[in-house]
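Pasting query.tsv here (TSV, C-alpha atoms and all ligand atoms):
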```tsv
chain	number	residue	atom	x	y	z
A	14	MET	CA	110.22	247.64	218.54
A	15	LYS	CA	113.92	246.95	218.98
A	16	TYR	CA	113.56	243.17	219.13
A	17	LYS	CA	111.24	241.05	216.99
A	18	ARG	CA	112.02	237.60	218.32
A	19	ILE	CA	113.14	237.07	221.92
A	20	LEU	CA	114.21	234.14	224.03
A	21	LEU	CA	113.19	234.67	227.64
A	22	LYS	CA	114.93	232.56	230.27
A	23	LEU	CA	113.04	232.14	233.54
A	24	SER	CA	114.47	230.24	236.47
A	25	GLY	CA	112.44	227.52	238.09
A	26	GLU	CA	113.21	229.02	241.48
A	27	ALA	CA	111.36	232.21	240.58
A	28	LEU	CA	108.17	230.21	240.13
A	29	MET	CA	108.19	229.32	243.84
A	30	GLY	CA	107.37	232.89	244.87
A	31	ASP	CA	107.67	232.94	248.67
A	32	LYS	CA	107.33	229.18	248.94
A	33	GLN	CA	110.17	226.78	249.68
A	34	PHE	CA	109.28	224.33	246.90
A	35	GLY	CA	107.04	223.91	243.88
A	36	LEU	CA	104.85	226.42	242.11
A	37	ASP	CA	103.12	229.61	243.18
A	38	PRO	CA	100.06	230.22	240.94
A	39	GLN	CA	100.39	233.98	241.51
A	40	MET	CA	103.90	233.99	240.06
A	41	LEU	CA	102.73	232.03	237.04
A	42	GLU	CA	99.89	234.48	236.50
A	43	ARG	CA	102.23	237.44	236.90
A	44	TYR	CA	104.73	236.09	234.36
A	45	ALA	CA	101.93	235.21	231.94
A	46	LYS	CA	100.73	238.84	232.10
A	47	GLU	CA	104.23	240.15	231.37
A	48	ILE	CA	104.65	237.80	228.42
A	49	LYS	CA	101.22	238.75	227.11
A	50	LYS	CA	102.16	242.44	227.07
A	51	VAL	CA	104.96	241.75	224.58
A	52	ALA	CA	103.21	239.02	222.57
A	53	GLU	CA	100.31	241.45	221.99
A	54	GLN	CA	102.75	243.82	220.30
A	55	GLY	CA	103.54	241.17	217.70
A	56	ILE	CA	106.83	240.17	219.30
A	57	GLN	CA	107.69	236.50	218.82
A	58	VAL	CA	108.30	235.00	222.26
A	59	ALA	CA	110.14	231.79	223.10
A	60	VAL	CA	110.64	230.80	226.74
A	61	VAL	CA	113.13	228.46	228.39
A	62	ILE	CA	112.17	227.52	231.87
A	63	GLY	CA	114.36	226.07	234.63
A	64	GLY	CA	113.54	223.37	237.12
A	65	GLY	CA	115.33	224.44	240.29
A	66	ASN	CA	112.08	224.79	242.25
A	67	ILE	CA	111.57	221.03	241.92
A	68	PHE	CA	114.89	219.29	241.29
A	69	ARG	CA	118.46	220.09	240.30
A	70	GLY	CA	120.80	217.40	239.03
A	71	GLY	CA	123.63	218.90	241.06
A	72	ASP	CA	121.76	217.97	244.23
A	73	ALA	CA	121.57	214.33	243.13
A	74	LEU	CA	124.88	213.27	244.65
A	75	ALA	CA	123.95	214.71	248.05
A	76	ASN	CA	120.73	212.71	247.86
A	77	GLY	CA	122.60	209.50	247.05
A	78	LEU	CA	121.49	209.56	243.41
A	79	ASP	CA	123.49	209.10	240.27
A	80	ARG	CA	124.24	212.44	238.55
A	81	VAL	CA	122.94	211.45	235.13
A	82	GLN	CA	119.75	210.11	236.67
A	83	GLY	CA	119.45	213.34	238.66
A	84	ASP	CA	119.90	215.48	235.57
A	85	TYR	CA	117.08	213.68	233.79
A	86	MET	CA	114.94	214.26	236.87
A	87	GLY	CA	115.84	217.96	236.59
A	88	MET	CA	114.84	217.95	232.92
A	89	LEU	CA	111.49	216.41	233.80
A	90	ALA	CA	111.06	219.15	236.41
A	91	THR	CA	111.40	221.75	233.67
A	92	ILE	CA	108.60	220.04	231.76
A	93	ILE	CA	106.34	220.26	234.81
A	94	ASN	CA	107.12	223.99	234.99
A	95	GLY	CA	106.61	224.35	231.25
A	96	MET	CA	103.17	222.75	231.51
A	97	ALA	CA	102.24	225.07	234.37
A	98	LEU	CA	103.41	228.15	232.45
A	99	GLN	CA	101.61	226.95	229.33
A	100	ASN	CA	98.41	226.69	231.34
A	101	ALA	CA	98.87	230.19	232.77
A	102	LEU	CA	99.57	231.67	229.32
A	103	GLU	CA	96.50	230.03	227.84
A	104	LYS	CA	94.37	231.31	230.70
A	105	ALA	CA	95.66	234.76	229.77
A	106	GLY	CA	94.37	234.20	226.23
A	107	LEU	CA	97.59	233.36	224.39
A	108	TYR	CA	98.24	230.51	221.97
A	109	THR	CA	101.15	228.33	223.03
A	110	ARG	CA	103.22	225.27	222.27
A	111	LEU	CA	105.42	223.33	224.67
A	112	MET	CA	108.35	221.61	222.98
A	113	SER	CA	110.70	219.22	224.70
A	114	GLY	CA	114.33	218.21	224.31
A	115	ILE	CA	113.40	214.66	225.36
A	116	LYS	CA	110.40	212.71	224.07
A	117	VAL	CA	107.34	213.05	226.29
A	118	GLU	CA	104.79	212.65	223.56
A	119	GLN	CA	101.63	212.65	225.63
A	120	VAL	CA	102.30	216.11	227.00
A	121	CYS	CA	104.33	218.02	224.41
A	122	GLU	CA	105.93	218.04	221.00
A	123	PRO	CA	109.56	217.11	220.45
A	124	PHE	CA	111.79	220.10	219.74
A	125	ILE	CA	112.28	220.56	216.00
A	126	THR	CA	113.89	223.86	215.04
A	127	ARG	CA	111.85	224.51	211.90
A	128	ARG	CA	108.62	223.68	213.63
A	129	ALA	CA	109.47	225.96	216.55
A	130	VAL	CA	110.12	228.82	214.15
A	131	ARG	CA	106.83	228.16	212.37
A	132	HIS	CA	104.95	228.31	215.68
A	133	LEU	CA	106.61	231.63	216.47
A	134	GLU	CA	105.73	233.03	213.05
A	135	LYS	CA	102.11	232.09	213.71
A	136	GLY	CA	102.17	234.10	216.95
A	137	ARG	CA	102.33	231.20	219.37
A	138	VAL	CA	104.40	231.53	222.52
A	139	VAL	CA	106.79	228.57	222.43
A	140	ILE	CA	108.08	227.09	225.67
A	141	PHE	CA	111.16	224.89	225.49
A	142	GLY	CA	111.20	222.21	228.18
A	143	ALA	CA	113.77	219.56	229.18
A	144	GLY	CA	116.69	221.88	228.55
A	145	ILE	CA	118.80	220.68	225.64
A	146	GLY	CA	117.86	217.09	226.46
A	147	SER	CA	121.30	216.03	227.71
A	148	PRO	CA	122.67	215.62	231.21
A	149	TYR	CA	125.50	217.84	232.54
A	150	PHE	CA	123.93	220.94	231.01
A	151	THR	CA	121.76	223.68	232.49
A	152	THR	CA	118.71	225.50	231.31
A	153	ASP	CA	120.92	228.56	230.76
A	154	SER	CA	122.74	226.51	228.12
A	155	ALA	CA	119.37	225.54	226.67
A	156	ALA	CA	118.40	229.23	226.53
A	157	SER	CA	121.58	230.08	224.59
A	158	LEU	CA	121.36	227.11	222.25
A	159	ARG	CA	117.66	227.41	221.46
A	160	ALA	CA	118.02	231.17	220.94
A	161	ILE	CA	120.76	230.57	218.39
A	162	GLU	CA	118.80	227.79	216.69
A	163	ILE	CA	115.63	229.85	216.27
A	164	LYS	CA	117.66	232.98	215.39
A	165	ALA	CA	116.36	235.04	218.29
A	166	ASP	CA	117.57	238.65	218.45
A	167	VAL	CA	118.52	238.47	222.12
A	168	VAL	CA	118.52	236.25	225.22
A	169	LEU	CA	116.64	237.91	228.08
A	170	LYS	CA	117.64	236.45	231.40
A	171	GLY	CA	114.86	237.33	233.83
A	172	THR	CA	116.06	237.25	237.42
A	173	ARG	CA	115.21	238.90	240.73
A	174	VAL	CA	118.28	241.17	240.40
A	175	ASP	CA	118.16	244.15	238.05
A	176	GLY	CA	121.35	243.42	236.16
A	177	VAL	CA	125.02	242.46	236.38
A	178	TYR	CA	126.92	244.01	239.31
A	179	THR	CA	130.56	244.36	240.26
A	180	ALA	CA	129.76	242.10	243.25
A	181	ASP	CA	126.69	240.32	244.60
A	182	PRO	CA	124.32	243.23	245.41
A	183	GLU	CA	122.49	241.07	247.96
A	184	LYS	CA	125.75	240.76	249.93
A	185	ASP	CA	127.80	243.86	249.10
A	186	ALA	CA	126.20	247.30	249.58
A	187	ASN	CA	128.92	248.93	247.44
A	188	ALA	CA	128.21	246.76	244.40
A	189	GLN	CA	127.76	248.80	241.20
A	190	ARG	CA	125.49	247.84	238.34
A	191	PHE	CA	126.70	247.84	234.73
A	192	SER	CA	124.26	249.15	232.14
A	193	ASN	CA	126.45	247.79	229.32
A	194	ILE	CA	129.33	245.36	229.40
A	195	SER	CA	131.22	243.27	226.85
A	196	PHE	CA	131.57	239.48	226.90
A	197	GLU	CA	135.35	239.93	227.35
A	198	GLU	CA	134.89	242.14	230.42
A	199	VAL	CA	132.55	239.60	232.00
A	200	TYR	CA	135.31	236.98	231.63
A	201	SER	CA	138.14	239.22	232.76
A	202	LYS	CA	136.28	240.54	235.81
A	203	GLY	CA	135.05	237.05	236.71
A	204	LEU	CA	131.41	238.18	236.81
A	205	ASN	CA	128.55	235.76	237.17
A	206	VAL	CA	126.00	236.03	234.35
A	207	MET	CA	125.32	232.44	233.30
A	208	ASP	CA	127.38	229.28	233.52
A	209	MET	CA	130.41	229.41	231.20
A	210	THR	CA	129.06	226.94	228.65
A	211	ALA	CA	125.89	228.99	228.17
A	212	PHE	CA	127.77	232.30	228.17
A	213	THR	CA	130.43	231.19	225.69
A	214	LEU	CA	127.80	229.86	223.31
A	215	CYS	CA	126.27	233.34	223.16
A	216	LYS	CA	129.65	235.00	222.74
A	217	GLU	CA	130.77	232.71	219.93
A	218	ASN	CA	127.55	233.34	218.05
A	219	GLY	CA	127.40	237.09	218.68
A	220	LEU	CA	124.10	236.79	220.52
A	221	PRO	CA	123.49	239.64	222.99
A	222	ILE	CA	122.23	238.91	226.50
A	223	ILE	CA	120.21	241.20	228.76
A	224	VAL	CA	120.04	240.40	232.47
A	225	PHE	CA	117.06	242.14	234.06
A	226	ASP	CA	114.58	242.08	236.93
A	227	MET	CA	111.59	240.06	235.77
A	228	ASN	CA	109.64	240.87	238.93
A	229	THR	CA	109.18	244.54	238.03
A	230	PRO	CA	106.01	244.78	235.94
A	231	GLY	CA	106.55	246.35	232.52
A	232	ASN	CA	110.29	245.63	232.32
A	233	LEU	CA	109.98	243.02	229.61
A	234	LEU	CA	107.94	245.35	227.39
A	235	LYS	CA	110.39	248.21	228.00
A	236	ILE	CA	113.26	246.01	226.85
A	237	VAL	CA	111.64	244.97	223.58
A	238	LYS	CA	110.86	248.64	222.93
A	239	GLY	CA	114.56	249.40	223.29
A	240	GLU	CA	114.52	251.15	226.67
A	241	GLU	CA	117.55	250.70	228.89
A	242	VAL	CA	116.65	248.11	231.50
A	243	GLY	CA	119.08	245.81	233.31
A	244	THR	CA	122.51	245.03	231.84
A	245	LEU	CA	123.15	244.54	228.13
A	246	ILE	CA	126.05	242.23	227.27
A	247	THR	CA	127.41	242.61	223.75
A	248	MET	CA	130.56	241.85	221.74
A	249	ASN	CA	132.06	245.32	222.40
A	301	LIG	N1	119.23	219.83	233.09
A	301	LIG	C1	120.01	219.00	232.31
A	301	LIG	N2	120.22	219.33	230.99
A	301	LIG	C2	119.72	220.47	230.43
A	301	LIG	C3	118.96	221.34	231.25
A	301	LIG	C4	118.71	221.00	232.57
A	301	LIG	O1	120.50	217.98	232.78
A	301	LIG	O2	119.94	220.71	229.25
A	301	LIG	C5	118.90	219.45	234.50
A	301	LIG	C6	120.02	219.78	235.47
A	301	LIG	O3	120.07	218.74	236.41
A	301	LIG	C7	119.50	221.05	236.14
A	301	LIG	C8	118.02	220.82	236.17
A	301	LIG	O4	117.75	220.14	234.94
A	301	LIG	O5	120.03	221.20	237.42
A	301	LIG	C9	117.15	222.05	236.29
A	301	LIG	O6	117.59	223.08	235.48
A	301	LIG	P1	118.35	224.39	236.06
A	301	LIG	O7	119.13	224.05	237.28
A	301	LIG	O8	119.08	225.01	234.93
A	301	LIG	O9	117.10	225.27	236.47
A	301	LIG	P2	117.04	226.75	237.14
A	301	LIG	O10	118.25	226.94	237.99
A	301	LIG	O11	117.00	227.74	236.01
A	301	LIG	O12	115.75	226.73	237.91
```

Conversion result in structure tokens:
Amino acid sequence: MKYKRILLKLSGEALMGDKQFGLDPQMLERYAKEIKKVAEQGIQVAVVIGGGNIFRGGDALANGLDRVQGDYMGMLATIINGMALQNALEKAGLYTRLMSGIKVEQVCEPFITRRAVRHLEKGRVVIFGAGIGSPYFTTDSAASLRAIEIKADVVLKGTRVDGVYTADPEKDANAQRFSNISFEEVYSKGLNVMDMTAFTLCKENGLPIIVFDMNTPGNLLKIVKGEEVGTLITMN
């Protein structure tokens, strides 16, 4: 196996499936199956989940809400998603822990780096909810930060697109996919991988990122085995 400890970032939006809002149980089941395939191989799996299917802080202003208040609402949305994913993973027969960046003691543990690492070493899939626990950040930033804290080998950004392209492949038919690209090239070409805070955190800590299509069954397992899937972003 190429990677021993991975941080998988899943967007909240992906959990909607074909719905306009909320959770699609089929998507949860599908993702749980994909995660199980790698966990069964002894790979340590941590997951950061977004909240965009329920609430995004950025939408707060349009709804007449205060931004900080809205961001906390977004963080709570990620906990709802984390609980749903935890349930799906346990139904698939995996052991799990949900850890949160804000205190929600009745439903999950607070995030403590050493404890998270211990859970991973014991073979539990660890889900990180509530982002980093501070407003004005995204769950992409949480993915980068938590990955660095737990010393993950790589951040795997699961999306519905199979990598990083020269332009948006859903809008431009001539868009070309990169199989490898450096952090510097992503900056210089103005490509969209993650928000800049999240991206820079990875760059400054030499943490590679792979952007890949999470909706193709088997992709996650292929990546941990070292097969070329999606786009790998590295220092050079
Ligand atoms: N959020 C936050 N701090 C964090 C992580 C998330 O304030 O550390 C809030 C923010 O409002 C964000 C929302 O939670 O819009 C949901 O997360 P995100 O938009 O990253 O989810 P995704 O787009 O991946 O579904």

Checklist entry - Any idea what's packed within 8 Å of Ala27 (chain A), counting all atoms listed in the file, ignoring anything in its chain fewer than 4 positions away? Could you give it as a VMD selection string? => result chain A and resid 23 40 66 172 to 173

Keeping C-alpha atoms, export the residues of the selection given above as a PDB file, keeping the file's coordinate frame.
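What landed in part_18.pdb:
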```pdb
ATOM      1  CA  LEU A  23     113.040 232.140 233.540  1.00  0.00           C
ATOM      2  CA  MET A  40     103.900 233.990 240.060  1.00  0.00           C
ATOM      3  CA  ASN A  66     112.080 224.790 242.250  1.00  0.00           C
ATOM      4  CA  THR A 172     116.060 237.250 237.420  1.00  0.00           C
ATOM      5  CA  ARG A 173     115.210 238.900 240.730  1.00  0.00           C
TER       6      ARG A 173
END
```

Checklist outcome for this item: As a check of understanding: the span from CA of Asn218 (chain A) to CA of Tyr16 (chain A) is 17.1 Å

Item to check | Minimum-distance residue to ligand LIG 301 (chain A), chosen among A:Asp208, A:Asp31, A:Glu42, A:Asp185 (using all atoms listed in the file) | outcome: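 That would be A:Asp208, the residue with the smallest distance to ligand LIG 301 (chain A).
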
Item to check | Distance criterion (all atoms listed in the file): nearest to Ser192 (chain A) out of A:Gly231, A:Lys238, A:Pro123, A:Thr244 | outcome: A:Thr244

Could the residues that lie within 9 Å of ligand LIG 301 (chain A), counting all atoms listed in the file, be listed as an mmCIF file with C-alpha atoms, in the frame of the given file?
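Written out: out_5.cif:
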```
data_model
loop_
_atom_site.group_PDB
_atom_site.id
_atom_site.type_symbol
_atom_site.label_atom_id
_atom_site.label_comp_id
_atom_site.auth_asym_id
_atom_site.auth_seq_id
_atom_site.Cartn_x
_atom_site.Cartn_y
_atom_site.Cartn_z
ATOM 1 C CA LYS A 22 114.930 232.560 230.270
ATOM 2 C CA LEU A 23 113.040 232.140 233.540
ATOM 3 C CA SER A 24 114.470 230.240 236.470
ATOM 4 C CA GLY A 25 112.440 227.520 238.090
ATOM 5 C CA GLU A 26 113.210 229.020 241.480
ATOM 6 C CA ALA A 27 111.360 232.210 240.580
ATOM 7 C CA LEU A 28 108.170 230.210 240.130
ATOM 8 C CA VAL A 61 113.130 228.460 228.390
ATOM 9 C CA ILE A 62 112.170 227.520 231.870
ATOM 10 C CA GLY A 63 114.360 226.070 234.630
ATOM 11 C CA GLY A 64 113.540 223.370 237.120
ATOM 12 C CA GLY A 65 115.330 224.440 240.290
ATOM 13 C CA ASN A 66 112.080 224.790 242.250
ATOM 14 C CA ILE A 67 111.570 221.030 241.920
ATOM 15 C CA PHE A 68 114.890 219.290 241.290
ATOM 16 C CA ARG A 69 118.460 220.090 240.300
ATOM 17 C CA GLY A 70 120.800 217.400 239.030
ATOM 18 C CA GLY A 71 123.630 218.900 241.060
ATOM 19 C CA ASP A 72 121.760 217.970 244.230
ATOM 20 C CA ALA A 73 121.570 214.330 243.130
ATOM 21 C CA ARG A 80 124.240 212.440 238.550
ATOM 22 C CA VAL A 81 122.940 211.450 235.130
ATOM 23 C CA GLN A 82 119.750 210.110 236.670
ATOM 24 C CA GLY A 83 119.450 213.340 238.660
ATOM 25 C CA ASP A 84 119.900 215.480 235.570
ATOM 26 C CA TYR A 85 117.080 213.680 233.790
ATOM 27 C CA MET A 86 114.940 214.260 236.870
ATOM 28 C CA GLY A 87 115.840 217.960 236.590
ATOM 29 C CA MET A 88 114.840 217.950 232.920
ATOM 30 C CA LEU A 89 111.490 216.410 233.800
ATOM 31 C CA ALA A 90 111.060 219.150 236.410
ATOM 32 C CA THR A 91 111.400 221.750 233.670
ATOM 33 C CA GLY A 114 114.330 218.210 224.310
ATOM 34 C CA GLY A 142 111.200 222.210 228.180
ATOM 35 C CA ALA A 143 113.770 219.560 229.180
ATOM 36 C CA GLY A 144 116.690 221.880 228.550
ATOM 37 C CA ILE A 145 118.800 220.680 225.640
ATOM 38 C CA GLY A 146 117.860 217.090 226.460
ATOM 39 C CA SER A 147 121.300 216.030 227.710
ATOM 40 C CA PRO A 148 122.670 215.620 231.210
ATOM 41 C CA TYR A 149 125.500 217.840 232.540
ATOM 42 C CA PHE A 150 123.930 220.940 231.010
ATOM 43 C CA THR A 151 121.760 223.680 232.490
ATOM 44 C CA THR A 152 118.710 225.500 231.310
ATOM 45 C CA ASP A 153 120.920 228.560 230.760
ATOM 46 C CA SER A 154 122.740 226.510 228.120
ATOM 47 C CA ALA A 155 119.370 225.540 226.670
#
```

Next on the checklist: The residues within 8 Å of (120.4, 238.8, 225.3), using all atoms listed in the file and the coordinates of the file, should be reported as a ChimeraX atom specification; which are they?
Outcome noted: /A:20,166-170,220-224,245-246

Next on the checklist: With 7 Å as the threshold, what does the neighbourhood of (126.8, 226.9, 226.0) contain in terms of residues, counting only C-alpha atoms? Coordinates are those of the file; answer as a PyMOL selection string.
Outcome noted: chain A and resi 154+157-158+209-214

Next on the checklist: Could you tell me how far CA of Gln119 (chain A) sits from CA of Lys135 (chain A), in Å to one decimal place?
Outcome noted: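 Straight-line distance from CA of Lys135 (chain A) to CA of Gln119 (chain A) works out to 22.8 Å.
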
Checklist entry - Between CA of Gly30 (chain A) and CA of Glu240 (chain A), what is the distance, to one decimal in Å? => result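 So the two atoms, CA of Gly30 (chain A) and CA of Glu240 (chain A), lie 26.8 Å apart.
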